[in-house]
Amino acid sequence: MSTQRPRYVSVDEIIPKDFLREPMVILAEYGNGMGKTHCITDYAVKLQKTKVFDRIYILQYSQKGCENVVRKIERFGGWCVWHIGFEKFCPFFSNYKFLINLGVPLFYICSFCSNFKNKSRLAYVVFAEMLKNRTSRVIKPSIVLRGLGKNREVCTHPIIRAFALDPTFEIEKRENINETPIVVLPSEVFLNHRIIGRWKTFSHRQRRERKVLLIIDEADTIFFSSLKVELEDVSPTQTDYQLLQMFSPKTRSLHQLIDIYLDIYNIIKGIYSRPLWTRPSEAKRIEPLLERAKPLLRSFERRRKDILAYVLKNKVKTVVFKIVNALEELTNVENLSTAVKTLEQTKNGFQLYDYDYGIRVLFDTSYPWKWFWKVNLSATFPTNKIIESRFISDRSKALLARVKRRSRTYENVYTTSISLFEKIGSYLNRNDQIKRIYIRILKAVRDLVQLYKDRFGVEPRGICLWFGNTTQLRNFVKQLKRAGIQIKCKSRYCIMGYRKIPIFISYAGSTIARGIDLDSYDISISIAPLLRPPRPDIGLDPIDFAKGINEAVQALMRIVRSPCPSRPKLVVVESTMTTAFYASFYPEWFRNLFVKNFLR
């Protein structure tokens, strides 16, 4: 058993000495619990005082992650602006949910809220005071009382949002702030099509180069989410046409947006039925329609508030906003010919992913504008294997090939495998097989407990068992109940026992598998990766396998929360996942565990 006690990852391990010399991209691929977020936040606070950069962004997977980073910034003696999403911050959010039934996106609310409407200048002044005085090291959205009489509430949320996402809104320069602002925000904001459109417009007009440090935690989540475009099968009414015609300028008829959308939808519907290799040429039919839509979308944006006010006043139910949003998303797709290969049919229509956007935002130093220094933190970012994907362009593959990777594995963490399934080639559909092998799973748990005790001299304190999806978990639980085995079930997990050893049971890809520390358990077992259903014409793409493997690894490593745990940890995979094909998708540090610490 190893007695080495490695330290947490340091800035010197992640950041090369010449990092500040020119725009650069780093991929820090360290397992969870290595302290990568802690050290890179400390680095950002140190840079804040030197003012090397115009702006520093730290993106987190969730608002809970943002809160964690904000607390670290406070402890390190820095300060930050924390952008909290409207649905998390707004105390009046529930009052506006009726807008969904009218077809109005909730992000339009601030434009007519009484706490901001006609008070934008006052909100700006309040935010400027917060920046200069900084009575708190954390500047976040708030509703402030200003002035006398009634209606004194002023909301700073839209101003903070503009500060975080508009590169031309440089209030810190106007107010002579002598340190670099650190902006903390959830990564999903970088997947907002309206924001991306603004960035592209600014990039075309950019005159002065800006120096921005972008730190992205859980970078794999941005890549796998990328820019998702949803095209619903809508049925516009005469009211929708009349609404747009009513607000059309003299030179343009806005109701043409509806016809353009319907034409694009029908083309997409036809593309979906075509073989994968013919789709890029078919997508070229969409491009002229999007060019026609762009000036109409700009005209709609100038009249958006008036249209919104009319809809609210007259309680008009409309699909206009849904159509406009979808068209805006399509105009911001980086490479439509590549993106249409990802087309999937949904309950309400179709969806596609723009993985090229995901790669550019992570690894292109000149995107979304010039210039970015980027540090991507991830425990399980897809390996170079995804260069074989059919869903990303040659340009993106070249960016991936140039990425500088940093990695290190754990100590006192061991691996082994178990064989459960009869046919190795049947890995795509194991939902029904779980019913037949549940006895084998229970025996495997018993054998692993004995292996742990034999090798390390103590009994494990607990076992985590991860299935590939919710169906597998339900099937396993049904079989246990039929056999009269006691098990307690919650919405996303179950608990049972073996010789007073608790067994925690859940599935890969769940919120628990991504965000809960389970370091009181000593054995973690993955039954199968979370694989999506195969596509009709191509089966599964390398990106699909990469996502499934990453979710499985994330779940497995919930029990490991330090570079060298005080108690031995045993990570177990089903034997199919030890084949060369699966292993090619593992992060480097995980492969090293199999090389160094595999128990036979």
# chains A, B, ... in the order shown; residues from 1 in each chain; ligands from 1

call {"tool": "residues_around", "arguments": {"residues": "Tyr498 (chain A)", "least_positions_apart": "2", "cutoff": "12 Å", "atoms": "only C-alpha atoms", "output": "PDB file with N, CA and C atoms, in the first residue's frame"}}
result
ATOM      1  N   LEU A 442     -24.984  -9.021  -6.952  1.00  0.00           N
ATOM      2  CA  LEU A 442     -24.887  -9.199  -5.502  1.00  0.00           C
ATOM      3  C   LEU A 442     -23.661 -10.032  -5.127  1.00  0.00           C
ATOM      4  N   LYS A 443     -23.380 -11.059  -5.920  1.00  0.00           N
ATOM      5  CA  LYS A 443     -22.192 -11.866  -5.647  1.00  0.00           C
ATOM      6  C   LYS A 443     -20.911 -11.054  -5.865  1.00  0.00           C
ATOM      7  N   ALA A 444     -20.918 -10.198  -6.874  1.00  0.00           N
ATOM      8  CA  ALA A 444     -19.751  -9.354  -7.138  1.00  0.00           C
ATOM      9  C   ALA A 444     -19.497  -8.415  -5.967  1.00  0.00           C
ATOM     10  N   VAL A 445     -20.565  -7.863  -5.393  1.00  0.00           N
ATOM     11  CA  VAL A 445     -20.425  -6.998  -4.217  1.00  0.00           C
ATOM     12  C   VAL A 445     -19.784  -7.775  -3.073  1.00  0.00           C
ATOM     13  N   ARG A 446     -20.263  -9.000  -2.836  1.00  0.00           N
ATOM     14  CA  ARG A 446     -19.697  -9.842  -1.770  1.00  0.00           C
ATOM     15  C   ARG A 446     -18.206 -10.106  -2.010  1.00  0.00           C
ATOM     16  N   ASP A 447     -17.853 -10.455  -3.256  1.00  0.00           N
ATOM     17  CA  ASP A 447     -16.456 -10.767  -3.577  1.00  0.00           C
ATOM     18  C   ASP A 447     -15.558  -9.536  -3.441  1.00  0.00           C
ATOM     19  N   LEU A 448     -16.070  -8.374  -3.801  1.00  0.00           N
ATOM     20  CA  LEU A 448     -15.263  -7.148  -3.713  1.00  0.00           C
ATOM     21  C   LEU A 448     -15.029  -6.742  -2.262  1.00  0.00           C
ATOM     22  N   VAL A 449     -16.015  -6.967  -1.426  1.00  0.00           N
ATOM     23  CA  VAL A 449     -15.827  -6.703   0.007  1.00  0.00           C
ATOM     24  C   VAL A 449     -14.700  -7.582   0.551  1.00  0.00           C
ATOM     25  N   GLN A 450     -14.702  -8.841   0.131  1.00  0.00           N
ATOM     26  CA  GLN A 450     -13.654  -9.756   0.592  1.00  0.00           C
ATOM     27  C   GLN A 450     -12.284  -9.367   0.027  1.00  0.00           C
ATOM     28  N   GLU A 459     -12.390  -3.744   6.690  1.00  0.00           N
ATOM     29  CA  GLU A 459     -13.604  -3.824   5.889  1.00  0.00           C
ATOM     30  C   GLU A 459     -13.932  -2.459   5.309  1.00  0.00           C
ATOM     31  N   PRO A 460     -14.487  -2.401   4.106  1.00  0.00           N
ATOM     32  CA  PRO A 460     -14.897  -1.106   3.536  1.00  0.00           C
ATOM     33  C   PRO A 460     -16.032  -0.497   4.347  1.00  0.00           C
ATOM     34  N   ARG A 461     -16.046   0.818   4.444  1.00  0.00           N
ATOM     35  CA  ARG A 461     -17.104   1.497   5.202  1.00  0.00           C
ATOM     36  C   ARG A 461     -18.401   1.601   4.421  1.00  0.00           C
ATOM     37  N   GLY A 462     -18.301   1.437   3.107  1.00  0.00           N
ATOM     38  CA  GLY A 462     -19.501   1.540   2.285  1.00  0.00           C
ATOM     39  C   GLY A 462     -19.183   1.273   0.830  1.00  0.00           C
ATOM     40  N   ILE A 463     -20.233   0.999   0.047  1.00  0.00           N
ATOM     41  CA  ILE A 463     -20.081   0.665  -1.368  1.00  0.00           C
ATOM     42  C   ILE A 463     -21.037   1.533  -2.179  1.00  0.00           C
ATOM     43  N   ILE A 485     -35.553  -8.863  -0.718  1.00  0.00           N
ATOM     44  CA  ILE A 485     -34.395  -8.142  -0.158  1.00  0.00           C
ATOM     45  C   ILE A 485     -34.816  -6.715   0.172  1.00  0.00           C
ATOM     46  N   GLN A 486     -34.537  -6.291   1.396  1.00  0.00           N
ATOM     47  CA  GLN A 486     -34.934  -4.954   1.838  1.00  0.00           C
ATOM     48  C   GLN A 486     -34.080  -3.875   1.175  1.00  0.00           C
ATOM     49  N   ILE A 487     -34.746  -2.840   0.688  1.00  0.00           N
ATOM     50  CA  ILE A 487     -34.050  -1.719   0.056  1.00  0.00           C
ATOM     51  C   ILE A 487     -34.916  -0.472   0.195  1.00  0.00           C
ATOM     52  N   ILE A 495     -30.818   2.786  -1.006  1.00  0.00           N
ATOM     53  CA  ILE A 495     -29.872   2.329   0.019  1.00  0.00           C
ATOM     54  C   ILE A 495     -30.256   0.917   0.455  1.00  0.00           C
ATOM     55  N   MET A 496     -29.272   0.028   0.481  1.00  0.00           N
ATOM     56  CA  MET A 496     -29.471  -1.298   1.056  1.00  0.00           C
ATOM     57  C   MET A 496     -28.216  -1.635   1.865  1.00  0.00           C
ATOM     58  N   LYS A 500     -24.001  -5.146   7.435  1.00  0.00           N
ATOM     59  CA  LYS A 500     -23.920  -3.837   8.082  1.00  0.00           C
ATOM     60  C   LYS A 500     -23.095  -2.825   7.292  1.00  0.00           C
ATOM     61  N   ILE A 501     -22.737  -3.172   6.056  1.00  0.00           N
ATOM     62  CA  ILE A 501     -22.032  -2.229   5.186  1.00  0.00           C
ATOM     63  C   ILE A 501     -23.069  -1.566   4.279  1.00  0.00           C
ATOM     64  N   PRO A 502     -23.226  -0.245   4.332  1.00  0.00           N
ATOM     65  CA  PRO A 502     -24.229   0.414   3.489  1.00  0.00           C
ATOM     66  C   PRO A 502     -23.840   0.361   2.007  1.00  0.00           C
ATOM     67  N   ILE A 503     -24.834   0.136   1.157  1.00  0.00           N
ATOM     68  CA  ILE A 503     -24.634   0.141  -0.296  1.00  0.00           C
ATOM     69  C   ILE A 503     -25.498   1.254  -0.879  1.00  0.00           C
ATOM     70  N   PHE A 504     -24.843   2.252  -1.448  1.00  0.00           N
ATOM     71  CA  PHE A 504     -25.513   3.400  -2.066  1.00  0.00           C
ATOM     72  C   PHE A 504     -25.660   3.105  -3.560  1.00  0.00           C
TER      73      PHE A 504
END

call {"tool": "select_by_dssp", "arguments": {"residues": "region 168-398 of chain A", "states": "strand (DSSP E or B)", "output": "count of residues only"}}
result
32

call {"tool": "residues_around", "arguments": {"residues": "Glu29 (chain A)", "least_positions_apart": "6", "cutoff": "12 Å", "atoms": "only C-alpha atoms", "output": "MDAnalysis selection string"}}
result
chainID A and resid 9 13:14 35:37 216:220 375:383 403:409 586:590

call {"tool": "residues_around", "arguments": {"residues": "region 124-128 of chain A", "least_positions_apart": "5", "cutoff": "8 Å", "atoms": "only C-alpha atoms", "output": "ChimeraX atom specification"}}
result
/A:156,159-160,171,175

call {"tool": "select_by_dssp", "arguments": {"residues": "region 312-494 of chain A", "states": "alpha helix (DSSP H)", "output": "ChimeraX atom specification"}}
result
/A:312-314,320-331,336-339,355-363,394-401,433-456,470-482

call {"tool": "atom_distance", "arguments": {"atom1": "CA of Val324 (chain A)", "atom2": "CA of Gln206 (chain A)"}}
result
26.4 Å

call {"tool": "closest_residue", "arguments": {"among": "A:Pro368, A:Lys397, A:Phe581, A:Thr168", "to": "Arg207 (chain A)", "atoms": "only C-alpha atoms"}}
result
A:Thr168

call {"tool": "residues_around", "arguments": {"residues": "region 107-119 of chain A", "least_positions_apart": "2", "cutoff": "6 Å", "atoms": "only C-alpha atoms", "output": "mmCIF file with N, CA and C atoms, in the first residue's frame"}}
result
data_model
loop_
_atom_site.group_PDB
_atom_site.id
_atom_site.type_symbol
_atom_site.label_atom_id
_atom_site.label_comp_id
_atom_site.auth_asym_id
_atom_site.auth_seq_id
_atom_site.Cartn_x
_atom_site.Cartn_y
_atom_site.Cartn_z
ATOM 1 N N PRO A 105 -40.636 34.390 -23.684
ATOM 2 C CA PRO A 105 -39.468 33.918 -22.909
ATOM 3 C C PRO A 105 -39.287 34.750 -21.647
ATOM 4 N N ARG A 121 -30.603 54.246 -15.535
ATOM 5 C CA ARG A 121 -29.529 55.167 -15.174
ATOM 6 C C ARG A 121 -29.240 55.122 -13.675
ATOM 7 N N LEU A 122 -30.299 55.071 -12.871
ATOM 8 C CA LEU A 122 -30.136 54.998 -11.420
ATOM 9 C C LEU A 122 -29.485 53.668 -11.018
ATOM 10 N N GLU A 153 -37.751 51.075 -5.172
ATOM 11 C CA GLU A 153 -36.893 49.912 -5.384
ATOM 12 C C GLU A 153 -36.206 49.974 -6.751
ATOM 13 N N VAL A 154 -34.895 49.768 -6.732
ATOM 14 C CA VAL A 154 -34.099 49.755 -7.959
ATOM 15 C C VAL A 154 -33.347 48.429 -8.019
ATOM 16 N N CYS A 155 -33.495 47.712 -9.132
ATOM 17 C CA CYS A 155 -32.852 46.401 -9.287
ATOM 18 C C CYS A 155 -31.588 46.535 -10.143
#

call {"tool": "residues_around", "arguments": {"residues": "region 341-350 of chain A", "least_positions_apart": "2", "cutoff": "9 Å", "atoms": "only C-alpha atoms", "output": "number ranges by chain"}}
result
A: 229-234, 265, 268-269, 271-272, 276-277, 279-280, 336-339, 352-354, 390-391, 535

call {"tool": "residues_around", "arguments": {"residues": "region 410-423 of chain A", "least_positions_apart": "6", "cutoff": "9 Å", "atoms": "only C-alpha atoms", "output": "VMD selection string"}}
result
chain A and resid 1 to 6 31 34 430 433 to 434 437 440 to 441 444 448 525 527 560 562 to 578 589 to 590 592 to 594 596 to 600

call {"tool": "atom_distance", "arguments": {"atom1": "CA of Ala508 (chain A)", "atom2": "CA of Ala555 (chain A)"}}
result
5.7 Å

call {"tool": "closest_residue", "arguments": {"among": "A:Ile392, A:Leu473, A:Ile505, A:Leu297", "to": "Gly358 (chain A)", "atoms": "only C-alpha atoms"}}
result
A:Ile392

call {"tool": "atom_distance", "arguments": {"atom1": "CA of Ile56 (chain A)", "atom2": "CA of Val184 (chain A)"}}
result
8.6 Å

call {"tool": "closest_residue", "arguments": {"among": "A:Leu214, A:Trp369, A:Tyr521, A:Tyr357", "to": "Leu27 (chain A)", "atoms": "only C-alpha atoms"}}
result
A:Leu214

call {"tool": "decode", "arguments": {"residues": "region 193-222 of chain A", "atoms": "N, CA and C atoms", "output": "compact mmCIF listing (two decimals), in the first residue's frame"}}
result
# COMPACT_ATOMS: atom_id res chain seq x y z
N HIS A 193 -27.84 31.96 -27.07
CA HIS A 193 -27.68 32.36 -28.46
C HIS A 193 -27.73 33.88 -28.66
N ARG A 194 -28.51 34.59 -27.84
CA ARG A 194 -28.60 36.04 -27.99
C ARG A 194 -27.28 36.69 -27.59
N ILE A 195 -26.66 36.17 -26.53
CA ILE A 195 -25.36 36.69 -26.10
C ILE A 195 -24.30 36.41 -27.16
N ILE A 196 -24.31 35.19 -27.71
CA ILE A 196 -23.33 34.83 -28.73
C ILE A 196 -23.46 35.76 -29.93
N GLY A 197 -24.69 36.10 -30.31
CA GLY A 197 -24.90 37.03 -31.41
C GLY A 197 -24.28 38.39 -31.15
N ARG A 198 -24.41 38.89 -29.93
CA ARG A 198 -23.80 40.17 -29.58
C ARG A 198 -22.28 40.10 -29.66
N TRP A 199 -21.72 38.98 -29.18
CA TRP A 199 -20.26 38.82 -29.22
C TRP A 199 -19.76 38.84 -30.66
N LYS A 200 -20.47 38.17 -31.55
CA LYS A 200 -20.03 38.13 -32.95
C LYS A 200 -20.11 39.50 -33.59
N THR A 201 -21.16 40.24 -33.28
CA THR A 201 -21.28 41.60 -33.81
C THR A 201 -20.14 42.46 -33.30
N PHE A 202 -19.83 42.37 -32.01
CA PHE A 202 -18.73 43.14 -31.44
C PHE A 202 -17.40 42.75 -32.07
N SER A 203 -17.20 41.44 -32.28
CA SER A 203 -15.94 40.96 -32.85
C SER A 203 -15.69 41.55 -34.22
N HIS A 204 -16.74 41.68 -35.04
CA HIS A 204 -16.58 42.27 -36.37
C HIS A 204 -16.21 43.75 -36.30
N ARG A 205 -16.66 44.42 -35.25
CA ARG A 205 -16.42 45.86 -35.12
C ARG A 205 -15.23 46.21 -34.22
N GLN A 206 -14.64 45.19 -33.62
CA GLN A 206 -13.62 45.42 -32.59
C GLN A 206 -12.42 46.19 -33.16
N ARG A 207 -12.04 47.23 -32.45
CA ARG A 207 -10.88 48.04 -32.83
C ARG A 207 -9.75 47.85 -31.84
N ARG A 208 -10.07 47.93 -30.56
CA ARG A 208 -9.03 47.78 -29.55
C ARG A 208 -9.01 46.34 -29.05
N GLU A 209 -7.82 45.79 -28.97
CA GLU A 209 -7.68 44.43 -28.45
C GLU A 209 -7.83 44.43 -26.94
N ARG A 210 -8.62 43.50 -26.45
CA ARG A 210 -8.80 43.33 -25.02
C ARG A 210 -8.09 42.07 -24.56
N LYS A 211 -7.60 42.10 -23.36
CA LYS A 211 -6.93 40.93 -22.78
C LYS A 211 -7.83 40.34 -21.71
N VAL A 212 -8.32 39.14 -21.98
CA VAL A 212 -9.29 38.51 -21.09
C VAL A 212 -8.77 37.14 -20.67
N LEU A 213 -8.87 36.85 -19.37
CA LEU A 213 -8.58 35.52 -18.85
C LEU A 213 -9.90 34.82 -18.60
N LEU A 214 -10.08 33.68 -19.25
CA LEU A 214 -11.31 32.91 -19.11
C LEU A 214 -10.97 31.57 -18.45
N ILE A 215 -11.49 31.36 -17.24
CA ILE A 215 -11.29 30.11 -16.51
C ILE A 215 -12.61 29.35 -16.52
N ILE A 216 -12.59 28.15 -17.10
CA ILE A 216 -13.82 27.37 -17.24
C ILE A 216 -13.68 26.09 -16.42
N ASP A 217 -14.45 25.99 -15.36
CA ASP A 217 -14.46 24.77 -14.56
C ASP A 217 -15.49 23.80 -15.15
N GLU A 218 -15.22 22.51 -15.03
CA GLU A 218 -16.08 21.48 -15.64
C GLU A 218 -16.26 21.78 -17.13
N ALA A 219 -15.13 21.95 -17.84
CA ALA A 219 -15.17 22.34 -19.24
C ALA A 219 -15.92 21.32 -20.10
N ASP A 220 -15.93 20.07 -19.69
CA ASP A 220 -16.61 19.05 -20.49
C ASP A 220 -18.12 19.31 -20.59
N THR A 221 -18.69 19.95 -19.57
CA THR A 221 -20.14 20.21 -19.61
C THR A 221 -20.49 21.21 -20.70
N ILE A 222 -19.63 22.23 -20.90
CA ILE A 222 -19.87 23.19 -21.99
C ILE A 222 -19.77 22.48 -23.33
